[in-house]
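Text of data-v2.cif (mmCIF, C-alpha atoms) as supplied:
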data_query
#
loop_
_atom_site.label_atom_id
_atom_site.label_comp_id
_atom_site.auth_asym_id
_atom_site.auth_seq_id
_atom_site.Cartn_x
_atom_site.Cartn_y
_atom_site.Cartn_z
CA MET A 700 87.50 -104.57 225.83
CA SER A 701 86.29 -107.88 224.39
CA ARG A 702 85.78 -109.67 227.70
CA GLY A 703 84.35 -106.55 229.36
CA GLY A 704 82.04 -105.94 226.41
CA GLU A 705 80.78 -109.52 226.43
CA GLU A 706 79.72 -109.15 230.04
CA PHE A 707 78.42 -105.59 229.72
CA TYR A 708 76.17 -106.41 226.75
CA ARG A 709 75.30 -109.97 227.73
CA VAL A 710 72.10 -111.34 226.22
CA PRO A 711 69.93 -113.64 228.38
CA GLU A 712 69.70 -117.26 227.28
CA LYS A 713 65.92 -117.15 226.93
CA ILE A 714 64.79 -114.87 224.11
CA PRO A 715 61.18 -113.57 224.14
CA GLU A 716 58.66 -115.03 221.71
CA GLY A 717 55.69 -113.38 220.07
CA LEU A 718 57.22 -111.14 217.40
CA SER A 719 54.34 -110.21 215.09
CA GLU A 720 52.97 -107.49 212.84
CA GLY A 721 52.10 -104.14 214.40
CA ARG A 722 53.08 -102.71 217.77
CA VAL A 723 54.51 -105.16 220.27
CA SER A 724 56.43 -104.76 223.52
CA PHE A 725 58.56 -106.97 225.75
CA SER A 726 60.07 -106.80 229.20
CA SER A 727 63.62 -105.45 229.18
CA PRO A 728 66.27 -107.69 230.76
CA LEU A 729 67.83 -104.54 232.23
CA LYS A 730 65.57 -102.69 234.65
CA GLY A 731 66.02 -99.14 235.89
CA ASP A 732 64.29 -96.68 238.20
CA ARG A 733 61.73 -95.51 235.60
CA GLU A 734 58.95 -98.03 235.03
CA GLU A 735 58.07 -96.68 231.58
CA ASN A 736 61.56 -97.57 230.35
CA ASN A 737 61.52 -101.14 231.63
CA ARG A 738 59.84 -102.48 228.49
CA PHE A 739 61.13 -102.19 224.94
CA HIS A 740 58.70 -101.39 222.15
CA LEU A 741 58.76 -102.39 218.49
CA ARG A 742 56.69 -101.63 215.43
CA VAL A 743 56.88 -104.44 212.90
CA TRP A 744 56.05 -104.39 209.17
CA PRO A 745 56.52 -107.94 207.80
CA GLY A 746 57.92 -108.31 204.28
CA PRO A 747 56.25 -110.14 201.37
CA LYS A 748 57.30 -113.50 202.83
CA GLY A 749 56.02 -112.52 206.25
CA MET A 750 58.53 -112.88 209.07
CA ARG A 751 60.61 -115.10 206.78
CA SER A 752 61.69 -112.07 204.76
CA PRO A 753 65.15 -110.56 205.35
CA ALA A 754 64.83 -107.87 208.02
CA MET A 755 66.20 -104.41 208.79
CA VAL A 756 66.03 -102.85 212.25
CA LEU A 757 65.57 -99.05 212.16
CA LEU A 758 67.21 -97.08 214.98
CA HIS A 759 66.24 -93.43 215.36
CA SER A 760 68.17 -90.33 216.40
CA LEU A 761 68.46 -88.71 219.83
CA PHE A 762 65.39 -86.73 220.97
CA SER A 763 63.22 -88.16 218.16
CA ALA A 764 59.58 -87.37 218.85
CA SER A 765 58.00 -88.61 215.60
CA ASP A 766 58.41 -91.84 213.66
CA VAL A 767 56.79 -90.52 210.46
CA GLY A 768 60.03 -90.50 208.47
CA TYR A 769 60.89 -94.01 209.60
CA VAL A 770 57.43 -95.25 208.60
CA HIS A 771 58.26 -94.05 205.08
CA TRP A 772 61.52 -95.99 205.05
CA ALA A 773 59.74 -99.04 206.41
CA SER A 774 57.38 -98.91 203.41
CA VAL A 775 60.36 -98.62 201.06
CA LEU A 776 61.98 -101.64 202.68
CA ASN A 777 58.71 -103.58 202.41
CA ARG A 778 58.39 -102.85 198.68
CA LEU A 779 61.87 -104.28 198.13
CA GLY A 780 61.17 -107.45 200.04
CA TRP A 781 62.33 -106.63 203.56
CA THR A 782 60.68 -106.82 206.94
CA ALA A 783 61.13 -103.49 208.75
CA VAL A 784 61.29 -103.13 212.53
CA PHE A 785 61.26 -99.77 214.30
CA TYR A 786 62.77 -99.92 217.80
CA ASP A 787 62.14 -97.27 220.48
CA LEU A 788 65.47 -96.35 222.06
CA PRO A 789 65.54 -95.99 225.88
CA TYR A 790 63.62 -93.00 227.28
CA HIS A 791 62.11 -92.20 223.85
CA PHE A 792 58.56 -92.44 222.48
CA ARG A 793 56.54 -94.98 224.49
CA ARG A 794 59.45 -95.31 226.94
CA ARG A 795 59.41 -91.62 227.85
CA PRO A 796 58.75 -91.10 231.57
CA LYS A 797 56.00 -88.61 232.39
CA GLY A 798 57.25 -85.08 232.82
CA THR A 799 60.22 -85.51 230.47
CA TRP A 800 60.67 -85.00 226.75
CA SER A 801 61.63 -87.82 224.42
CA GLY A 802 65.24 -88.85 225.08
CA GLU A 803 65.88 -86.29 227.82
CA LEU A 804 67.09 -88.81 230.39
CA ILE A 805 69.71 -90.47 228.18
CA PHE A 806 71.98 -87.46 228.63
CA GLY A 807 71.01 -85.48 231.69
CA GLY A 808 74.33 -85.20 233.49
CA ASN A 809 73.90 -88.63 235.10
CA LEU A 810 76.80 -90.55 233.59
CA ILE A 811 75.77 -93.88 235.09
CA ARG A 812 72.25 -93.59 233.66
CA SER A 813 73.71 -92.64 230.26
CA ALA A 814 75.98 -95.68 230.19
CA GLU A 815 73.18 -97.95 231.38
CA ALA A 816 70.86 -96.59 228.68
CA ILE A 817 73.39 -97.42 225.96
CA ARG A 818 73.94 -100.83 227.52
CA GLN A 819 70.19 -101.41 227.61
CA ALA A 820 69.78 -100.35 223.98
CA VAL A 821 72.57 -102.56 222.62
CA THR A 822 71.41 -105.56 224.65
CA GLU A 823 67.81 -105.13 223.50
CA VAL A 824 68.77 -104.66 219.85
CA ARG A 825 70.81 -107.85 220.05
CA ILE A 826 67.70 -109.57 221.40
CA VAL A 827 65.56 -108.14 218.58
CA THR A 828 67.96 -109.46 215.93
CA ARG A 829 67.80 -112.91 217.50
CA MET A 830 64.00 -112.77 217.70
CA LEU A 831 63.89 -111.96 213.99
CA LYS A 832 66.15 -114.89 213.15
CA ALA A 833 64.09 -117.19 215.36
CA SER A 834 60.99 -116.03 213.44
CA GLY A 835 62.57 -117.09 210.15
CA ALA A 836 64.43 -114.03 208.83
CA PRO A 837 67.39 -115.35 206.78
CA GLU A 838 69.34 -112.11 207.24
CA VAL A 839 69.11 -109.18 209.64
CA GLY A 840 70.69 -105.76 209.19
CA LEU A 841 70.81 -102.51 211.17
CA TRP A 842 70.12 -98.99 209.89
CA GLY A 843 70.73 -96.26 212.44
CA MET A 844 70.79 -92.46 212.55
CA SER A 845 72.85 -90.42 215.05
CA LEU A 846 72.20 -92.05 218.44
CA GLY A 847 70.68 -94.97 216.55
CA GLY A 848 73.85 -95.23 214.48
CA TRP A 849 75.89 -95.22 217.68
CA VAL A 850 73.83 -98.09 219.11
CA ALA A 851 73.95 -99.93 215.77
CA GLY A 852 77.74 -99.58 215.66
CA LEU A 853 78.13 -101.04 219.13
CA THR A 854 75.74 -103.86 218.25
CA LEU A 855 77.79 -104.69 215.15
CA CYS A 856 80.79 -105.05 217.48
CA HIS A 857 79.07 -107.51 219.81
CA GLU A 858 76.44 -109.47 217.88
CA PRO A 859 77.79 -112.02 215.37
CA GLY A 860 75.98 -113.04 212.21
CA LEU A 861 74.45 -109.72 211.14
CA ALA A 862 74.11 -109.07 207.41
CA CYS A 863 74.97 -105.38 207.19
CA GLY A 864 75.08 -102.06 209.00
CA TRP A 865 74.18 -98.64 207.60
CA LEU A 866 75.24 -95.93 210.04
CA ALA A 867 74.18 -92.36 209.28
CA GLN A 868 76.21 -89.86 211.32
CA PRO A 869 76.79 -92.22 214.26
CA ILE A 870 78.28 -90.70 217.40
CA PRO A 871 81.77 -92.29 217.58
CA ASP A 872 82.64 -91.18 221.10
CA VAL A 873 80.85 -89.39 223.91
CA ALA A 874 83.50 -86.80 224.71
CA THR A 875 83.56 -85.39 221.18
CA ALA A 876 79.78 -85.04 221.09
CA ILE A 877 79.71 -83.23 224.44
CA TRP A 878 82.85 -81.09 224.45
CA ASP A 879 83.55 -80.36 220.78
CA SER A 880 80.09 -79.54 219.45
CA GLU A 881 78.19 -76.28 219.76
CA GLY A 882 75.05 -78.19 220.68
CA GLY A 883 76.74 -79.95 223.58
CA TRP A 884 76.92 -76.94 225.91
CA VAL A 885 73.95 -78.01 228.05
CA LEU A 886 75.43 -81.47 228.55
CA ARG A 887 78.87 -79.96 229.25
CA ARG A 888 77.38 -77.77 231.95
CA GLN A 889 75.48 -80.67 233.50
CA MET A 890 78.55 -82.91 233.49
CA GLU A 891 80.82 -80.23 234.93
CA GLU A 892 78.30 -79.39 237.66
CA ARG A 893 78.74 -82.99 238.78
CA GLY A 894 82.52 -82.80 238.69
CA LEU A 895 82.89 -84.71 235.42
CA ASP A 896 85.49 -83.22 233.11
CA ARG A 897 86.40 -84.50 229.66
CA LYS A 898 89.36 -86.61 230.79
CA ARG A 899 87.28 -88.45 233.36
CA VAL A 900 84.45 -89.11 230.91
CA GLU A 901 86.90 -90.49 228.33
CA LYS A 902 88.31 -92.83 230.95
CA LEU A 903 84.92 -94.03 232.20
CA LEU A 904 83.13 -94.68 228.92
CA PRO A 905 85.23 -96.77 226.49
CA LEU A 906 82.69 -99.61 226.65
CA VAL A 907 80.00 -97.40 225.16
CA CYS A 908 82.11 -95.85 222.38
CA PRO A 909 82.03 -97.62 218.98
CA SER A 910 85.57 -96.44 218.26
CA HIS A 911 86.84 -98.89 220.92
CA GLY A 912 85.07 -101.90 219.37
CA LYS A 913 85.85 -104.51 216.72
CA LEU A 914 83.33 -105.46 214.05
CA GLN A 915 81.80 -108.94 214.12
CA LEU A 916 81.16 -108.85 210.35
CA SER A 917 83.17 -107.93 207.28
CA SER A 918 84.02 -104.23 207.06
CA LYS A 919 82.69 -104.30 203.49
CA ARG A 920 79.23 -104.96 204.91
CA VAL A 921 79.25 -101.66 206.81
CA LEU A 922 78.55 -98.15 205.52
CA VAL A 923 79.37 -95.05 207.57
CA VAL A 924 77.90 -91.74 206.39
CA GLY A 925 79.20 -88.44 207.75
CA GLY A 926 78.06 -84.82 207.45
CA SER A 927 80.61 -82.33 206.17
CA HIS A 928 79.44 -79.67 208.67
CA ASP A 929 78.77 -82.02 211.59
CA SER A 930 80.38 -81.01 214.91
CA VAL A 931 78.66 -83.77 216.94
CA ALA A 932 80.03 -86.61 214.80
CA PRO A 933 82.84 -84.84 212.88
CA PRO A 934 83.87 -86.29 209.50
CA SER A 935 87.46 -86.72 210.72
CA LYS A 936 86.24 -88.87 213.62
CA LEU A 937 83.98 -90.96 211.38
CA GLN A 938 86.74 -91.44 208.81
CA ALA A 939 89.00 -92.64 211.63
CA LEU A 940 86.22 -94.96 212.82
CA ALA A 941 85.81 -96.43 209.33
CA LYS A 942 89.57 -96.95 209.05
CA GLY A 943 89.82 -98.41 212.56
CA TRP A 944 87.10 -100.89 211.70
CA GLY A 945 89.21 -102.28 208.87
CA GLY A 946 88.15 -99.93 206.09
CA THR A 947 84.36 -99.76 206.00
CA HIS A 948 82.65 -97.84 203.23
CA TYR A 949 82.61 -94.11 204.01
CA ARG A 950 80.51 -91.45 202.29
CA GLU A 951 79.62 -87.86 203.14
CA VAL A 952 76.66 -85.51 202.76
CA GLY A 953 76.74 -81.72 202.83
CA GLN A 954 74.94 -81.06 206.11
CA GLY A 955 75.39 -80.65 209.85
CA HIS A 956 74.24 -83.18 212.43
CA ILE A 957 70.74 -84.36 211.50
CA GLY A 958 69.36 -83.17 208.18
CA TYR A 959 67.30 -84.25 205.21
CA GLN A 960 70.11 -85.72 203.11
CA ALA A 961 71.52 -88.41 205.38
CA MET A 962 68.77 -91.06 205.35
CA PRO A 963 68.01 -91.06 201.57
CA SER A 964 71.72 -90.90 200.77
CA THR A 965 72.45 -93.76 203.15
CA TRP A 966 69.72 -95.78 201.48
CA ARG A 967 71.09 -95.07 197.99
CA TRP A 968 74.71 -95.79 198.88
CA GLY A 969 73.79 -98.85 200.92
CA ARG A 970 71.92 -100.35 197.99
CA GLU A 971 74.70 -99.46 195.52
CA LEU A 972 77.52 -100.84 197.68
CA MET A 973 75.63 -103.90 198.92
CA PRO A 974 73.12 -104.73 196.16
CA GLU A 975 72.60 -108.24 197.51
CA ALA A 976 71.72 -106.90 200.99
#

If you convert what's in this file into structure tokens, what do you get?
Amino acid sequence: MSRGGEEFYRVPEKIPEGLSEGRVSFSSPLKGDREENNRFHLRVWPGPKGMRSPAMVLLHSLFSASDVGYVHWASVLNRLGWTAVFYDLPYHFRRRPKGTWSGELIFGGNLIRSAEAIRQAVTEVRIVTRMLKASGAPEVGLWGMSLGGWVAGLTLCHEPGLACGWLAQPIPDVATAIWDSEGGWVLRRQMEERGLDRKRVEKLLPLVCPSHGKLQLSSKRVLVVGGSHDSVAPPSKLQALAKGWGGTHYREVGQGHIGYQAMPSTWRWGRELMPEA
């Protein structure tokens, strides 16, 4: 896993320059067949010390079509001295190809595209964290929700030197999200139409499942938040993930997958458990 992961999520030696306040975009090192997705987009809110403030990268959920909630959390981070960076995941927001909805192509029955999208996201987030450090940020953390938590978890397993990770209902493995959740029926049908059953998917995708990774920072610098009624990222799976990662902090909110409690609760618990973060 380690050697394969190093190659799969390899970061180019030359990191882009030009990180600045507002909306910025950069060429992705991993190109695909949709031109709109071949650049990664950021929205940057510098902290009180400009780009020399500690920074948090915000990673949104699957199918997100609005960043309004994340703009709120960016303002909260700013008030407490952080730089906030909102990253558009592959095929979402400004990366959405014409004729598709935000995030549609990440899971559309094309397993290779799905794996490449996760690979692209983790590689780009690693680049963003390095760009922030090169711009003067003394510490960089990740705060992800659902798909964003999944990508953040994988990044924590491959990028050394990160300060913390707050993962709200991250997807621990693909098979569980597709075959064990009520909301996965469309994806199940699409996979099965292409001859992909659960066993084959589990065999093909260990590199993109956080549960197969090893953290590159102390487990006490990571918070995993589950939802007690979540069938996409079940509490039992997230508890096992936290234990497998060496005993990360684990907390739970009373909701299904995606709700109004997860982000504010993650913020509160993250600040309580890691007050120096």

Please, which residues in segment 779-804 of chain A fall within 12 Å of segment 725-732 of chain A when counting all atoms listed in the file, and what is the closest atom pair and distance in Å to one decimal for each, ordered by chain then residue number, as CSV?
residue,atom,partner,partner_atom,distance
A:Tyr786,CA,A:Phe725,CA,11.4
A:Asp787,CA,A:Phe725,CA,11.6
A:Leu788,CA,A:Ser727,CA,11.7
A:Pro789,CA,A:Ser727,CA,10.2
A:Tyr790,CA,A:Gly731,CA,10.8
A:Arg794,CA,A:Ser727,CA,11.2
A:Pro796,CA,A:Asp732,CA,10.3
A:Leu804,CA,A:Asp732,CA,11.4

Open item on the list: Please list as a ChimeraX atom specification every residue within 6 Å of Trp744 of chain A, counting only C-alpha atoms and excluding residues in the same chain fewer than 6 positions away.
Closed with: /A:720,782-783

Translate the PyMOL selection byres ((chain A and resi 844) around 9) into a concrete residue list for this structure, as an mmCIF file with C-alpha atoms, keeping the file's coordinate frame.
data_model
loop_
_atom_site.group_PDB
_atom_site.id
_atom_site.type_symbol
_atom_site.label_atom_id
_atom_site.label_comp_id
_atom_site.auth_asym_id
_atom_site.auth_seq_id
_atom_site.Cartn_x
_atom_site.Cartn_y
_atom_site.Cartn_z
ATOM 1 C CA LEU A 757 65.570 -99.050 212.160
ATOM 2 C CA LEU A 758 67.210 -97.080 214.980
ATOM 3 C CA HIS A 759 66.240 -93.430 215.360
ATOM 4 C CA SER A 760 68.170 -90.330 216.400
ATOM 5 C CA LEU A 761 68.460 -88.710 219.830
ATOM 6 C CA TRP A 842 70.120 -98.990 209.890
ATOM 7 C CA GLY A 843 70.730 -96.260 212.440
ATOM 8 C CA SER A 845 72.850 -90.420 215.050
ATOM 9 C CA LEU A 846 72.200 -92.050 218.440
ATOM 10 C CA GLY A 847 70.680 -94.970 216.550
ATOM 11 C CA GLY A 848 73.850 -95.230 214.480
ATOM 12 C CA TRP A 849 75.890 -95.220 217.680
ATOM 13 C CA ALA A 851 73.950 -99.930 215.770
ATOM 14 C CA TRP A 865 74.180 -98.640 207.600
ATOM 15 C CA LEU A 866 75.240 -95.930 210.040
ATOM 16 C CA ALA A 867 74.180 -92.360 209.280
ATOM 17 C CA GLN A 868 76.210 -89.860 211.320
ATOM 18 C CA PRO A 869 76.790 -92.220 214.260
ATOM 19 C CA ILE A 957 70.740 -84.360 211.500
ATOM 20 C CA ALA A 961 71.520 -88.410 205.380
ATOM 21 C CA MET A 962 68.770 -91.060 205.350
#

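Residue selection for this entry, given the PyMOL selection byres ((chain A and resi 705) around 12), comprises Met700, Ser701, Arg702, Gly703, Gly704, Glu706, Phe707, Tyr708, Arg709, Val710, Pro711, Arg818, Val821, Thr822, Arg825, Leu853, Thr854, Cys856, His857, Glu858, Pro859, Leu906 and Gly912 of chain A.
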
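Atom to atom, atom CA of Met973 of chain A and atom CA of Ser910 of chain A stand 23.0 Å apart.
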
- [ ] I need the residue set behind the PyMOL selection byres ((chain A and resi 719) around 8) for this file; please write it as a PyMOL selection string.
- [x] chain A and resi 717-718+720-721+723+743+745+750

Task: Length of the atom CA of Glu901 of chain A to atom CA of Pro934 of chain A vector [Å] - done: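 Here the two named atoms are 19.5 Å from each other.
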
Task: Computed interatomic separation between atom CA of Ile877 of chain A and atom CA of Gln954 of chain A (Å) - done: 19.1 Å

TODO: Taking (74.2, -95.3, 200.4) in the file's own coordinates, collect the residues within 10 Å, counting only C-alpha atoms, and hand them back as a list in words.
DONE: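 It turns out the residues near that spot are Trp865, Leu866, Ala867, Leu922, Val923, Val924, His948, Tyr949, Arg950, Glu951, Ala961, Met962, Pro963, Ser964, Thr965, Trp966, Arg967, Trp968, Gly969, Arg970, Glu971, Leu972 and Met973 of chain A.
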
Task: Closest of A:Asn809, A:His771, A:Val827, A:Arg899 to Ser724 of chain A - atom-to-atom distances counting all atoms listed in the file - done: A:Val827

Open item on the list: Taking only C-alpha atoms into account, name the residue in A:Thr875, A:Gly749, A:Ser801, A:Gly894 that is nearest to Gly835 of chain A.
Closed with: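 Ranked by minimum distance to Gly835 of chain A, first place goes to A:Gly749.
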
Task: From A:Arg733, A:Arg888, A:Arg738, A:His928, residue lying nearest Lys797 of chain A [only C-alpha atoms] - done: A:Arg733
